[in-house]
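Asks: File name coords_9.cif; file contents mmCIF, C-alpha atoms; full text below.
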```
data_target
loop_
_atom_site.label_atom_id
_atom_site.label_comp_id
_atom_site.auth_asym_id
_atom_site.auth_seq_id
_atom_site.Cartn_x
_atom_site.Cartn_y
_atom_site.Cartn_z
CA MET A 37 -8.04 39.34 -28.97
CA ASP A 38 -4.71 38.33 -27.44
CA SER A 39 -5.79 39.04 -23.89
CA ALA A 40 -8.96 36.98 -24.46
CA ILE A 41 -6.79 33.99 -25.34
CA TRP A 42 -4.81 34.34 -22.12
CA VAL A 43 -8.03 34.55 -20.12
CA THR A 44 -9.22 31.37 -21.82
CA LEU A 45 -5.90 29.64 -21.13
CA ALA A 46 -5.92 30.68 -17.47
CA LEU A 47 -9.49 29.49 -17.05
CA THR A 48 -8.68 26.18 -18.72
CA LEU A 49 -5.67 25.63 -16.46
CA LYS A 50 -7.77 26.50 -13.41
CA VAL A 51 -10.52 24.04 -14.41
CA ALA A 52 -8.03 21.28 -15.22
CA GLY A 53 -6.06 21.90 -12.02
CA CYS A 54 -9.16 21.76 -9.83
CA ALA A 55 -10.43 18.64 -11.62
CA THR A 56 -7.03 16.98 -11.06
CA ALA A 57 -6.98 17.87 -7.36
CA LEU A 58 -10.53 16.61 -6.90
CA ASN A 59 -9.68 13.41 -8.74
CA LEU A 60 -6.56 12.87 -6.64
CA VAL A 61 -8.65 12.70 -3.48
CA LEU A 62 -11.64 10.78 -4.88
CA GLY A 63 -9.68 8.55 -7.25
CA VAL A 64 -7.03 7.52 -4.71
CA ALA A 65 -9.69 6.68 -2.12
CA ALA A 66 -11.75 4.65 -4.60
CA ALA A 67 -8.66 2.93 -6.00
CA TRP A 68 -7.48 1.90 -2.54
CA LEU A 69 -10.91 0.48 -1.69
CA LEU A 70 -11.01 -1.51 -4.92
CA ALA A 71 -7.42 -2.74 -4.54
CA ARG A 72 -7.41 -3.63 -0.85
CA ARG A 73 -10.96 -4.29 0.35
CA ARG A 74 -13.34 -7.09 -0.49
CA PHE A 75 -17.00 -6.08 -0.37
CA PRO A 76 -20.21 -7.24 -2.08
CA GLY A 77 -20.82 -5.55 -5.42
CA ARG A 78 -17.15 -4.66 -5.87
CA ASP A 79 -17.11 -5.63 -9.55
CA LEU A 80 -20.24 -3.58 -10.20
CA VAL A 81 -18.73 -0.53 -8.48
CA ASP A 82 -15.58 -1.01 -10.57
CA ALA A 83 -17.64 -1.16 -13.78
CA VAL A 84 -19.73 1.92 -12.92
CA LEU A 85 -16.64 3.95 -12.00
CA THR A 86 -14.99 2.98 -15.30
CA LEU A 87 -18.09 3.95 -17.30
CA PRO A 88 -16.93 7.54 -18.09
CA LEU A 89 -14.08 6.01 -20.11
CA VAL A 90 -16.46 4.47 -22.64
CA LEU A 91 -19.61 6.61 -22.49
CA PRO A 92 -19.83 9.52 -24.95
CA PRO A 93 -19.07 12.79 -23.10
CA THR A 94 -22.45 14.15 -24.22
CA VAL A 95 -24.17 11.30 -22.40
CA LEU A 96 -22.14 12.12 -19.27
CA GLY A 97 -23.08 15.77 -19.73
CA TYR A 98 -26.73 14.79 -19.92
CA TYR A 99 -26.44 12.75 -16.70
CA LEU A 100 -24.82 15.73 -15.01
CA LEU A 101 -27.65 18.03 -16.10
CA VAL A 102 -30.12 15.54 -14.67
CA VAL A 103 -28.28 15.50 -11.35
CA ILE A 104 -26.89 19.02 -10.84
CA GLY A 105 -29.10 21.01 -13.24
CA ARG A 106 -31.47 23.67 -11.95
CA ARG A 107 -34.24 21.04 -11.69
CA GLY A 108 -31.91 18.08 -10.99
CA TRP A 109 -32.32 16.38 -7.62
CA LEU A 110 -28.99 17.58 -6.29
CA GLY A 111 -28.99 20.86 -8.21
CA ALA A 112 -32.45 21.90 -6.98
CA TRP A 113 -31.46 21.20 -3.38
CA LEU A 114 -28.15 23.10 -3.70
CA HIS A 115 -29.99 26.06 -5.20
CA GLN A 116 -32.69 26.11 -2.51
CA ALA A 117 -30.45 25.44 0.47
CA PHE A 118 -27.36 27.46 -0.43
CA GLY A 119 -28.25 29.45 -3.52
CA ILE A 120 -25.53 27.54 -5.39
CA GLN A 121 -25.91 27.08 -9.10
CA LEU A 122 -23.41 24.91 -10.96
CA ILE A 123 -24.77 25.07 -14.49
CA PHE A 124 -23.02 27.68 -16.67
CA THR A 125 -20.26 28.24 -14.09
CA TRP A 126 -16.57 27.29 -14.13
CA GLN A 127 -17.25 25.09 -11.11
CA GLY A 128 -19.67 23.16 -13.31
CA ALA A 129 -16.88 22.75 -15.86
CA VAL A 130 -14.68 21.35 -13.07
CA ILE A 131 -17.31 18.76 -12.21
CA ALA A 132 -17.69 17.77 -15.86
CA ALA A 133 -13.93 17.42 -16.33
CA THR A 134 -13.58 15.51 -13.04
CA LEU A 135 -16.19 12.97 -14.06
CA VAL A 136 -14.86 12.45 -17.58
CA ALA A 137 -11.24 11.97 -16.46
CA PHE A 138 -11.98 9.97 -13.29
CA PRO A 139 -11.28 6.45 -14.66
CA LEU A 140 -7.77 7.46 -15.78
CA LEU A 141 -6.60 8.13 -12.24
CA LEU A 142 -8.61 5.25 -10.84
CA LYS A 143 -6.90 2.74 -13.13
CA SER A 144 -3.36 4.02 -12.55
CA ALA A 145 -3.78 4.32 -8.79
CA ARG A 146 -5.40 0.92 -8.49
CA THR A 147 -2.59 -0.75 -10.45
CA ALA A 148 -0.06 1.09 -8.28
CA PHE A 149 -1.76 -0.01 -5.05
CA GLU A 150 -2.02 -3.60 -6.22
CA ALA A 151 1.72 -3.63 -6.94
CA VAL A 152 2.51 -2.88 -3.27
CA ASP A 153 3.37 -6.17 -1.57
CA PRO A 154 0.82 -6.75 1.24
CA GLN A 155 3.67 -8.32 3.22
CA LEU A 156 5.22 -4.85 3.61
CA GLU A 157 1.97 -3.58 5.10
CA ASN A 158 1.96 -6.56 7.47
CA ALA A 159 5.54 -5.78 8.47
CA ALA A 160 4.45 -2.24 9.37
CA ARG A 161 1.50 -3.55 11.39
CA VAL A 162 3.74 -5.87 13.39
CA LEU A 163 6.00 -2.89 14.07
CA GLY A 164 3.09 -1.15 15.79
CA LEU A 165 1.39 0.94 13.10
CA GLY A 166 -2.36 1.48 12.79
CA GLU A 167 -4.14 1.25 9.46
CA TRP A 168 -3.92 4.98 8.61
CA ALA A 169 -0.23 5.07 9.41
CA VAL A 170 0.32 1.96 7.25
CA PHE A 171 -1.41 3.76 4.38
CA PHE A 172 0.52 7.02 4.68
CA ARG A 173 3.93 5.49 5.46
CA ILE A 174 3.97 2.40 3.25
CA THR A 175 1.15 2.04 0.74
CA LEU A 176 0.84 5.64 -0.48
CA PRO A 177 4.56 6.47 -0.86
CA MET A 178 5.18 3.26 -2.75
CA ALA A 179 2.23 3.92 -5.08
CA THR A 180 3.05 7.59 -5.59
CA PRO A 181 4.80 7.35 -9.00
CA GLY A 182 1.80 5.49 -10.47
CA ILE A 183 -0.65 7.91 -8.89
CA LEU A 184 1.25 10.94 -10.24
CA ALA A 185 1.32 9.44 -13.72
CA GLY A 186 -2.46 9.01 -13.48
CA ALA A 187 -2.86 12.59 -12.24
CA LEU A 188 -0.96 13.94 -15.25
CA LEU A 189 -3.21 11.97 -17.59
CA VAL A 190 -6.23 13.39 -15.78
CA PHE A 191 -4.81 16.88 -16.18
CA ALA A 192 -4.27 16.40 -19.91
CA ARG A 193 -7.69 14.87 -20.39
CA SER A 194 -9.32 17.72 -18.43
CA LEU A 195 -7.53 20.32 -20.58
CA GLY A 196 -9.15 18.87 -23.67
CA GLU A 197 -12.60 18.12 -22.28
CA PHE A 198 -15.27 19.31 -24.70
CA GLY A 199 -18.62 17.53 -24.83
CA ALA A 200 -19.68 17.31 -21.19
CA THR A 201 -18.15 20.71 -20.43
CA LEU A 202 -20.10 22.41 -23.22
CA MET A 203 -23.36 20.87 -22.04
CA VAL A 204 -22.86 21.68 -18.37
CA ALA A 205 -20.91 24.95 -18.43
CA GLY A 206 -21.74 26.31 -21.85
CA SER A 207 -19.42 28.61 -23.79
CA LEU A 208 -19.38 31.97 -22.07
CA PRO A 209 -16.14 33.71 -23.14
CA GLY A 210 -14.01 34.63 -20.14
CA ARG A 211 -16.28 32.75 -17.72
CA THR A 212 -16.78 29.16 -18.80
CA GLN A 213 -15.18 28.94 -22.24
CA THR A 214 -12.22 26.56 -22.07
CA LEU A 215 -9.56 26.01 -24.77
CA SER A 216 -11.22 23.18 -26.62
CA VAL A 217 -14.58 24.97 -26.68
CA ALA A 218 -12.85 28.14 -27.85
CA VAL A 219 -11.24 26.20 -30.71
CA TYR A 220 -14.65 25.03 -31.82
CA GLU A 221 -16.09 28.55 -31.61
CA ALA A 222 -13.14 30.04 -33.48
CA VAL A 223 -13.44 27.53 -36.32
CA GLN A 224 -17.19 28.07 -36.50
CA ALA A 225 -16.64 31.82 -36.71
CA GLY A 226 -13.93 31.44 -39.36
CA GLN A 227 -11.21 32.95 -37.11
CA ASP A 228 -8.37 30.77 -38.37
CA ASP A 229 -5.57 32.71 -36.65
CA THR A 230 -7.17 32.32 -33.25
CA ALA A 231 -7.91 28.64 -33.93
CA ASN A 232 -4.28 28.01 -34.97
CA LEU A 233 -2.90 29.63 -31.85
CA LEU A 234 -5.32 27.78 -29.54
CA VAL A 235 -4.56 24.45 -31.20
CA ALA A 236 -0.81 25.04 -30.89
CA ILE A 237 -1.07 25.89 -27.18
CA THR A 238 -3.23 22.85 -26.46
CA SER A 239 -0.98 20.48 -28.40
CA LEU A 240 2.22 21.72 -26.78
CA THR A 241 0.76 21.43 -23.30
CA CYS A 242 -0.38 17.87 -23.95
CA VAL A 243 3.00 16.84 -25.39
CA ALA A 244 4.70 18.23 -22.27
CA VAL A 245 2.32 16.29 -20.03
CA LEU A 246 2.88 13.03 -21.92
CA LEU A 247 6.65 13.49 -21.70
CA ALA A 248 6.30 13.93 -17.95
CA VAL A 249 4.18 10.76 -17.72
CA GLY A 250 6.86 8.91 -19.66
CA ARG A 251 9.43 9.97 -17.10
CA LEU A 252 7.28 8.82 -14.20
CA ALA A 253 6.26 5.47 -15.69
CA PRO A 254 9.72 3.82 -15.51
CA ALA A 255 9.98 4.84 -11.86
CA ALA A 256 6.65 3.14 -11.24
CA ARG A 257 7.75 0.01 -13.07
CA ALA A 258 11.08 -0.23 -11.25
CA ARG A 259 9.34 -1.23 -8.01
CA MET B 201 6.08 -18.88 30.03
CA GLY B 202 5.72 -19.08 26.26
CA PHE B 203 2.95 -19.62 23.76
CA ASP B 204 -0.14 -21.66 24.39
CA VAL B 205 -1.66 -22.52 21.04
CA ASP B 206 -4.77 -24.48 20.14
CA ILE B 207 -6.15 -23.35 16.79
CA GLU B 208 -7.93 -24.42 13.65
CA ARG B 209 -7.95 -22.62 10.34
CA THR B 210 -9.13 -23.58 6.88
CA VAL B 211 -7.82 -21.66 3.87
CA GLY B 212 -8.47 -21.88 0.14
CA ASP B 213 -11.68 -22.73 -1.67
CA ASP B 214 -13.28 -25.68 -3.45
CA ARG B 215 -11.82 -24.71 -6.81
CA ARG B 216 -8.17 -24.50 -5.77
CA GLY B 217 -8.42 -26.97 -2.94
CA ARG B 218 -8.60 -26.47 0.79
CA PHE B 219 -5.94 -26.74 3.43
CA ARG B 220 -6.84 -27.37 7.02
CA LEU B 221 -4.56 -26.37 9.85
CA GLN B 222 -5.27 -27.93 13.22
CA VAL B 223 -2.47 -27.51 15.71
CA ARG B 224 -2.07 -27.56 19.45
CA PHE B 225 1.18 -27.02 21.29
CA THR B 226 2.70 -25.23 24.25
CA THR B 227 6.18 -23.75 24.20
CA GLN B 228 8.20 -24.03 27.38
CA ALA B 229 11.71 -23.47 26.08
CA ARG B 230 13.31 -20.14 25.27
CA ARG B 231 13.77 -21.34 21.74
CA THR B 232 11.12 -23.30 19.92
CA VAL B 233 11.49 -24.54 16.37
CA VAL B 234 8.36 -25.37 14.40
CA TYR B 235 9.70 -27.81 11.87
CA GLY B 236 8.12 -29.40 8.82
CA PRO B 237 8.16 -29.61 5.02
CA SER B 238 6.78 -26.74 2.96
CA GLY B 239 3.01 -26.85 2.87
CA ALA B 240 2.78 -28.23 6.41
CA GLY B 241 1.16 -25.07 7.75
CA LYS B 242 4.17 -23.47 9.43
CA SER B 243 3.63 -20.02 7.98
CA LEU B 244 -0.08 -20.01 8.85
CA THR B 245 0.86 -20.93 12.40
CA LEU B 246 3.40 -18.15 12.72
CA GLN B 247 1.00 -15.60 11.17
CA ALA B 248 -1.62 -16.62 13.71
CA LEU B 249 0.83 -15.96 16.55
CA ALA B 250 1.68 -12.53 15.12
CA GLY B 251 -1.94 -11.54 14.52
CA LEU B 252 -1.60 -11.43 10.73
CA GLY B 253 -4.19 -14.10 9.96
CA PRO B 254 -6.83 -14.99 12.51
CA PRO B 255 -7.73 -18.69 12.95
CA ASP B 256 -11.33 -19.86 12.59
CA ARG B 257 -11.43 -21.52 15.98
CA GLY B 258 -9.44 -21.89 19.14
CA ARG B 259 -7.26 -19.70 21.28
CA ILE B 260 -3.72 -18.36 21.53
CA ALA B 261 -2.14 -17.11 24.73
CA PHE B 262 1.28 -15.68 25.43
CA GLN B 263 2.65 -15.76 28.98
CA GLY B 264 -0.85 -16.19 30.29
CA GLU B 265 -2.30 -13.25 28.28
CA THR B 266 -5.00 -14.17 25.78
CA LEU B 267 -4.10 -12.88 22.31
CA PHE B 268 -6.85 -14.65 20.45
CA ASP B 269 -9.98 -16.41 21.53
CA ALA B 270 -12.55 -17.18 18.85
CA GLU B 271 -15.34 -17.97 21.30
CA ALA B 272 -14.79 -14.89 23.43
CA GLY B 273 -14.35 -12.73 20.32
CA ILE B 274 -10.84 -11.64 21.32
CA ASN B 275 -8.31 -10.84 18.62
CA LEU B 276 -5.53 -8.50 19.70
CA PRO B 277 -4.36 -6.58 16.59
CA ALA B 278 -0.82 -7.28 15.37
CA ARG B 279 0.32 -3.77 16.30
CA GLN B 280 -0.59 -4.33 19.95
CA ARG B 281 1.02 -7.76 20.35
CA ARG B 282 4.54 -6.32 20.50
CA PHE B 283 6.30 -9.22 18.80
CA GLY B 284 9.31 -8.94 16.56
CA TYR B 285 8.74 -10.70 13.22
CA LEU B 286 11.48 -11.62 10.78
CA PHE B 287 9.87 -12.22 7.40
CA GLN B 288 11.20 -14.89 5.08
CA ASP B 289 12.20 -12.35 2.42
CA TYR B 290 12.80 -9.79 5.22
CA ALA B 291 10.08 -7.41 3.89
CA LEU B 292 12.36 -4.38 4.18
CA PHE B 293 10.66 -1.17 3.09
CA PRO B 294 12.15 -0.49 -0.36
CA HIS B 295 11.34 3.23 -0.36
CA LEU B 296 13.25 3.83 2.90
CA ASN B 297 16.97 3.62 3.58
CA VAL B 298 18.60 1.39 6.20
CA ARG B 299 18.40 4.03 8.94
CA GLN B 300 14.70 4.67 8.26
CA ASN B 301 13.96 0.95 8.23
CA VAL B 302 15.66 0.45 11.56
CA ALA B 303 14.08 3.55 13.12
CA PHE B 304 10.64 2.69 11.71
CA ALA B 305 9.02 1.35 14.88
CA LEU B 306 10.39 4.18 17.04
CA HIS B 307 8.30 6.75 15.15
CA SER B 308 4.59 6.74 15.75
CA GLY B 309 2.29 8.85 13.63
CA TRP B 310 1.78 9.16 9.90
CA ARG B 311 5.25 10.20 8.85
CA ASN B 312 8.34 8.12 8.28
CA PRO B 313 11.56 8.79 10.18
CA ALA B 314 14.00 11.24 8.60
CA ALA B 315 16.40 9.90 5.98
CA ARG B 316 19.36 11.42 7.82
CA GLY B 317 19.94 11.05 11.50
CA ARG B 318 21.50 13.31 14.07
CA SER B 319 25.22 12.76 14.53
CA ASP B 320 24.45 12.17 18.18
CA GLU B 321 26.31 9.21 19.68
CA ASP B 322 23.53 8.51 22.17
CA ASP B 323 20.73 8.49 19.62
CA PRO B 324 19.07 5.08 20.12
CA VAL B 325 18.95 4.51 16.36
CA GLU B 326 22.69 5.15 16.12
CA ARG B 327 23.31 2.63 18.88
CA TRP B 328 21.21 -0.02 17.10
CA LEU B 329 22.95 0.64 13.81
CA ARG B 330 26.33 0.29 15.55
CA SER B 331 25.49 -2.91 17.34
CA PHE B 332 24.38 -4.51 14.06
CA GLU B 333 27.39 -3.12 12.17
CA LEU B 334 25.13 -1.11 9.91
CA THR B 335 26.47 2.41 10.54
CA GLY B 336 28.26 2.55 7.19
CA LEU B 337 25.18 1.32 5.36
CA ALA B 338 22.68 3.73 6.96
CA ALA B 339 22.08 5.76 3.80
CA LEU B 340 21.63 2.77 1.46
CA ARG B 341 18.34 1.40 0.17
CA PRO B 342 17.52 -2.31 0.70
CA VAL B 343 18.14 -3.14 -3.00
CA GLU B 344 21.76 -2.10 -2.54
CA LEU B 345 22.41 -4.60 0.28
CA SER B 346 23.66 -8.19 0.26
CA GLY B 347 21.54 -11.00 1.69
CA GLY B 348 23.36 -11.06 4.99
CA GLN B 349 23.14 -7.28 5.38
CA ARG B 350 19.42 -7.40 4.64
CA GLN B 351 18.90 -9.92 7.39
CA ARG B 352 20.80 -7.78 9.86
CA VAL B 353 18.67 -4.76 8.96
CA ALA B 354 15.49 -6.82 9.34
CA LEU B 355 16.61 -8.11 12.74
CA ALA B 356 17.58 -4.64 13.95
CA ARG B 357 14.22 -3.27 12.74
CA ALA B 358 12.37 -6.04 14.58
CA LEU B 359 14.26 -5.53 17.83
CA VAL B 360 14.44 -1.74 18.29
CA ASN B 361 11.14 -1.46 20.13
CA THR B 362 12.02 -4.27 22.58
CA PRO B 363 9.48 -6.90 21.52
CA ARG B 364 8.17 -9.46 24.02
CA ALA B 365 9.06 -12.35 21.70
CA LEU B 366 10.75 -12.88 18.36
CA LEU B 367 9.07 -14.79 15.52
CA LEU B 368 11.36 -16.00 12.73
CA ASP B 369 10.00 -17.17 9.37
CA GLU B 370 12.58 -19.39 7.62
CA PRO B 371 15.36 -16.92 8.47
CA PHE B 372 18.10 -18.61 6.43
CA SER B 373 16.26 -19.86 3.34
CA ALA B 374 17.06 -16.70 1.35
CA LEU B 375 20.82 -17.10 1.92
CA ASP B 376 23.40 -19.24 0.15
CA ALA B 377 24.98 -22.15 2.02
CA ALA B 378 28.20 -20.40 3.12
CA LEU B 379 26.39 -17.33 4.41
CA ARG B 380 23.77 -19.49 6.09
CA GLN B 381 26.32 -20.94 8.52
CA ARG B 382 27.67 -17.53 9.40
CA MET B 383 24.23 -16.01 9.95
CA ARG B 384 23.22 -19.00 12.10
CA ARG B 385 26.18 -18.27 14.35
CA GLU B 386 25.37 -14.54 14.43
CA LEU B 387 21.73 -15.20 15.26
CA ASP B 388 22.68 -17.74 17.90
CA GLU B 389 24.89 -15.18 19.64
CA LEU B 390 22.23 -12.48 19.30
CA LEU B 391 19.51 -14.64 20.80
CA ALA B 392 21.75 -15.50 23.74
CA ARG B 393 22.17 -11.77 24.36
CA ILE B 394 18.58 -10.53 24.02
CA ASP B 395 17.03 -13.36 26.01
CA ILE B 396 13.39 -13.23 24.87
CA PRO B 397 11.26 -16.20 23.79
CA VAL B 398 11.87 -17.16 20.16
CA VAL B 399 9.73 -19.17 17.79
CA MET B 400 11.37 -20.13 14.51
CA ILE B 401 9.71 -21.95 11.65
CA THR B 402 11.94 -23.86 9.25
CA HIS B 403 12.07 -26.78 6.87
CA ASP B 404 15.82 -27.15 7.33
CA PRO B 405 16.78 -29.94 9.79
CA GLU B 406 20.07 -28.14 10.54
CA ASP B 407 18.17 -25.27 12.17
CA LEU B 408 16.73 -27.81 14.62
CA GLY B 409 20.17 -28.65 15.92
CA TRP B 410 21.11 -24.98 16.30
CA PHE B 411 17.97 -23.50 17.73
CA GLY B 412 15.61 -26.29 18.68
CA GLU B 413 15.60 -26.52 22.46
CA GLN B 414 12.05 -27.57 21.86
CA ALA B 415 10.72 -28.85 18.53
CA VAL B 416 7.17 -28.91 17.21
CA HIS B 417 6.90 -31.09 14.12
CA LEU B 418 4.20 -30.21 11.63
CA LEU B 419 2.94 -32.40 8.81
CA ASP B 420 -0.13 -31.70 6.66
CA GLY B 421 -1.42 -29.11 9.07
CA ARG B 422 -1.08 -31.26 12.19
CA VAL B 423 1.43 -31.68 14.98
CA VAL B 424 3.10 -35.08 14.62
CA GLU B 425 3.96 -37.10 17.71
CA PRO B 426 6.45 -38.55 18.38
CA PRO B 427 8.76 -36.20 16.46
CA VAL B 428 10.33 -37.68 13.35
CA GLU B 429 14.12 -37.59 13.49
CA PRO B 430 15.55 -34.65 11.54
CA GLY B 431 16.68 -35.77 8.12
CA GLY B 432 15.40 -39.31 8.72
#
```
Would you put the structure from the file into structure tokens?
Replies:
Amino acid sequence: MDSAIWVTLALTLKVAGCATALNLVLGVAAAWLLARRRFPGRDLVDAVLTLPLVLPPTVLGYYLLVVIGRRGWLGAWLHQAFGIQLIFTWQGAVIAATLVAFPLLLKSARTAFEAVDPQLENAARVLGLGEWAVFFRITLPMATPGILAGALLVFARSLGEFGATLMVAGSLPGRTQTLSVAVYEAVQAGQDDTANLLVAITSLTCVAVLLAVGRLAPAARAR
Amino acid sequence: MGFDVDIERTVGDDRRGRFRLQVRFTTQARRTVVYGPSGAGKSLTLQALAGLGPPDRGRIAFQGETLFDAEAGINLPARQRRFGYLFQDYALFPHLNVRQNVAFALHSGWRNPAARGRSDEDDPVERWLRSFELTGLAALRPVELSGGQRQRVALARALVNTPRALLLDEPFSALDAALRQRMRRELDELLARIDIPVVMITHDPEDLGWFGEQAVHLLDGRVVEPPVEPGG
């Protein structure tokens, strides 16, 4: 029993870690575009990207099945072309967690980017820097505290993801069963000891994450 | 030998009101002061020279080289114009210390210069820090500096990569009256030493007397001729 819990915890951390890394790349890129570029349909893009925040996770899970399921348009192609199947795999759980937590990083990173004075970027341009160098030497380092705070929220949210993960990855113990799904299964099966332990681990981890966010937030505000 | 400017630019929208800049001037002197009240279009003019805000029409040339030509579709990016620019609030990089700010333009690539320098006497950054009396402040962040020190850092940062001209945006407006006189004298001496064309924009008539070998008077987005007497 005990070793099963550690396997579940390790799997959950792996899924949440991968979802956070994926979100760091996608969320920072999207946030920069929304904060610094004007393009037609920007408000619509913003609304669509924020949608996972308000949609029920089961609805997101359903969308994911439609897209990456065995007969989904992307899923069918992946299966035919590469033999890749995402449904009922931990990679599928990563995609579910990434999607559900995406707006959290997007919002934090966008706020952080918007707080960077465009005059500083202009100063760097006059000093001879190209646009990529301006981003990596001025914009990104100044926005880093806000982005990290968003990444921690994404991590915490991914740890607790339930609805979309269950629909996409299922609940295969040791393979796709994450903490929150295991809690549900334990309660259903009347295993109160297991449920208590899982709940304690999850709660402690989330408290630690929120404390870390609290330490980062003042640094972000001080700019 | 200096700037040849003939530009038009309209900013704003119907809701907040529009402002139309329409200026034409040529600078012959080493030091040119673009003088006018706030809202006259001085900043837009200086940004156009630096490549930070392209005009809608017209052309800008520097020493015979075309920097901007709307009809020919030429707009040299700011990073290739090689001008030093002193921003009104100095725009020092708050996440970098004094040494990193000064060394900024000497490092190409995607990484910022190191926070600590070599203790090498001949290091160009060390020499710049020394000549601006910033050696003791090298490890400090911009928030820890006084107004006068900030201006010295900003000037050193703008001059390290030997710009072809220096553009100054209201260089003394962020300073109190006593410091303003001292920094005017310091800047005056510095400009005499570096000997590159300078364009300063200001609303302060006293700057005209100090730096205005040639004056361009702006009012409501236009060059006014003949020049109104400073303060009168």
Asks: Residues of chain A within 6 Å of chain B, counting only C-alpha atoms - could you list those as a ChimeraX atom specification?
Replies: /A:156,161-165,169,172-173
Asks: Which residue out of A:Phe191, A:Phe171, A:Phe138, A:Phe118 has the minimum interatomic distance to A:Leu96 when only C-alpha atoms are used?
Replies: A:Phe138
Asks: Take the PyMOL selection byres ((chain B and resi 264) around 10), apply it to the structure above, and return the hits as a PyMOL selection string.
Replies: chain B and resi 201-204+260-263+265-267
Asks: Save the residues we just selected, C-alpha atoms, as a PDB file, in the frame of the given file?
Replies:
```
ATOM      1  CA  MET B 201       6.080 -18.880  30.030  1.00  0.00           C
ATOM      2  CA  GLY B 202       5.720 -19.080  26.260  1.00  0.00           C
ATOM      3  CA  PHE B 203       2.950 -19.620  23.760  1.00  0.00           C
ATOM      4  CA  ASP B 204      -0.140 -21.660  24.390  1.00  0.00           C
ATOM      5  CA  ILE B 260      -3.720 -18.360  21.530  1.00  0.00           C
ATOM      6  CA  ALA B 261      -2.140 -17.110  24.730  1.00  0.00           C
ATOM      7  CA  PHE B 262       1.280 -15.680  25.430  1.00  0.00           C
ATOM      8  CA  GLN B 263       2.650 -15.760  28.980  1.00  0.00           C
ATOM      9  CA  GLU B 265      -2.300 -13.250  28.280  1.00  0.00           C
ATOM     10  CA  THR B 266      -5.000 -14.170  25.780  1.00  0.00           C
ATOM     11  CA  LEU B 267      -4.100 -12.880  22.310  1.00  0.00           C
TER      12      LEU B 267
END
```
Asks: As a check of understanding, name the residues that the PyMOL selection byres ((chain B and resi 394-411) around 8) selects in the supplied structure, as a PyMOL selection string.
Replies: chain B and resi 202+229-238+242-243+246+364-371+384+388+390-393+412-413+415+430-431
Asks: Which protein, DNA or RNA residues have an atom at most 7 Å from (-13.9, -17.4, 17.2), counting all atoms listed in the file? List them as a PDB file with C-alpha atoms, keeping the file's coordinate frame.
Replies:
```
ATOM      1  CA  ASP B 256     -11.330 -19.860  12.590  1.00  0.00           C
ATOM      2  CA  ARG B 257     -11.430 -21.520  15.980  1.00  0.00           C
ATOM      3  CA  GLY B 258      -9.440 -21.890  19.140  1.00  0.00           C
ATOM      4  CA  ASP B 269      -9.980 -16.410  21.530  1.00  0.00           C
ATOM      5  CA  ALA B 270     -12.550 -17.180  18.850  1.00  0.00           C
ATOM      6  CA  GLU B 271     -15.340 -17.970  21.300  1.00  0.00           C
ATOM      7  CA  ALA B 272     -14.790 -14.890  23.430  1.00  0.00           C
ATOM      8  CA  GLY B 273     -14.350 -12.730  20.320  1.00  0.00           C
TER       9      GLY B 273
END
```
Asks: Around stretch 271-275 of chain B, fit a box with edges along x, y and z, padding it by 5 Å on each side, then list its centre and edge lengths in Å to one decimal as JSON.
Replies:
```
{"center_x": -11.8, "center_y": -14.4, "center_z": 21.0, "size_x": 17.0, "size_y": 17.1, "size_z": 14.8}
```
Asks: Between atom CA of B:Ala248 and atom CA of B:Asp213, what distance in Å does the model show, to one decimal?
Replies: 19.4 Å
Asks: Run the PyMOL selection byres ((chain A and resi 86) around 10) mentally over the shown coordinates, then write out the matched residues as a ChimeraX atom specification, using the chain letters and numbers from the document.
Replies: /A:80-85,87-91,136-140,142-143
Asks: Which residues come within 9 Å of B:Arg209, counting only C-alpha atoms, excluding same-chain residues fewer than 6 positions away, as JSON, numbers by chain?
Replies: {"B": [219, 220, 221, 222, 244, 254, 255, 256, 257, 258]}
Asks: Provide the atom CA of A:Leu114 to atom CA of A:Leu101 distance in Å, to one decimal place.
Replies: 13.4 Å
Asks: Rounded to one decimal in Å, what is the spacing between atom CA of A:Thr214 and atom CA of A:Ala112?
Replies: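 It comes out at 25.7 Å.
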Asks: When you look at A:Leu234 with a cut-off of 12 Å (counting only C-alpha atoms), what residues show up, excluding the ones that are within fewer than 5 positions of it in the same chain? I need them as a ChimeraX atom specification.
Replies: /A:37-38,40-45,48,195-196,214-223,227-229,239-241
Asks: Can I get stretch 175-179 of chain A with N, CA and C atoms filled in, as a short mmCIF file (atom, residue, chain, number, x, y, z; two decimals), keeping the file's coordinate frame?
Replies:
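The resulting file, rebuild-v3.cif, is shown below:
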```cif
data_model
loop_
_atom_site.label_atom_id
_atom_site.label_comp_id
_atom_site.auth_asym_id
_atom_site.auth_seq_id
_atom_site.Cartn_x
_atom_site.Cartn_y
_atom_site.Cartn_z
N THR A 175 1.92 2.24 1.97
CA THR A 175 1.15 2.04 0.74
C THR A 175 1.21 3.26 -0.18
N LEU A 176 0.89 4.44 0.37
CA LEU A 176 0.84 5.64 -0.48
C LEU A 176 2.20 6.03 -1.06
N PRO A 177 3.27 6.09 -0.25
CA PRO A 177 4.56 6.47 -0.86
C PRO A 177 5.02 5.50 -1.93
N MET A 178 4.74 4.21 -1.75
CA MET A 178 5.18 3.26 -2.75
C MET A 178 4.36 3.36 -4.03
N ALA A 179 3.10 3.82 -3.90
CA ALA A 179 2.23 3.92 -5.08
C ALA A 179 2.31 5.29 -5.73
#
```
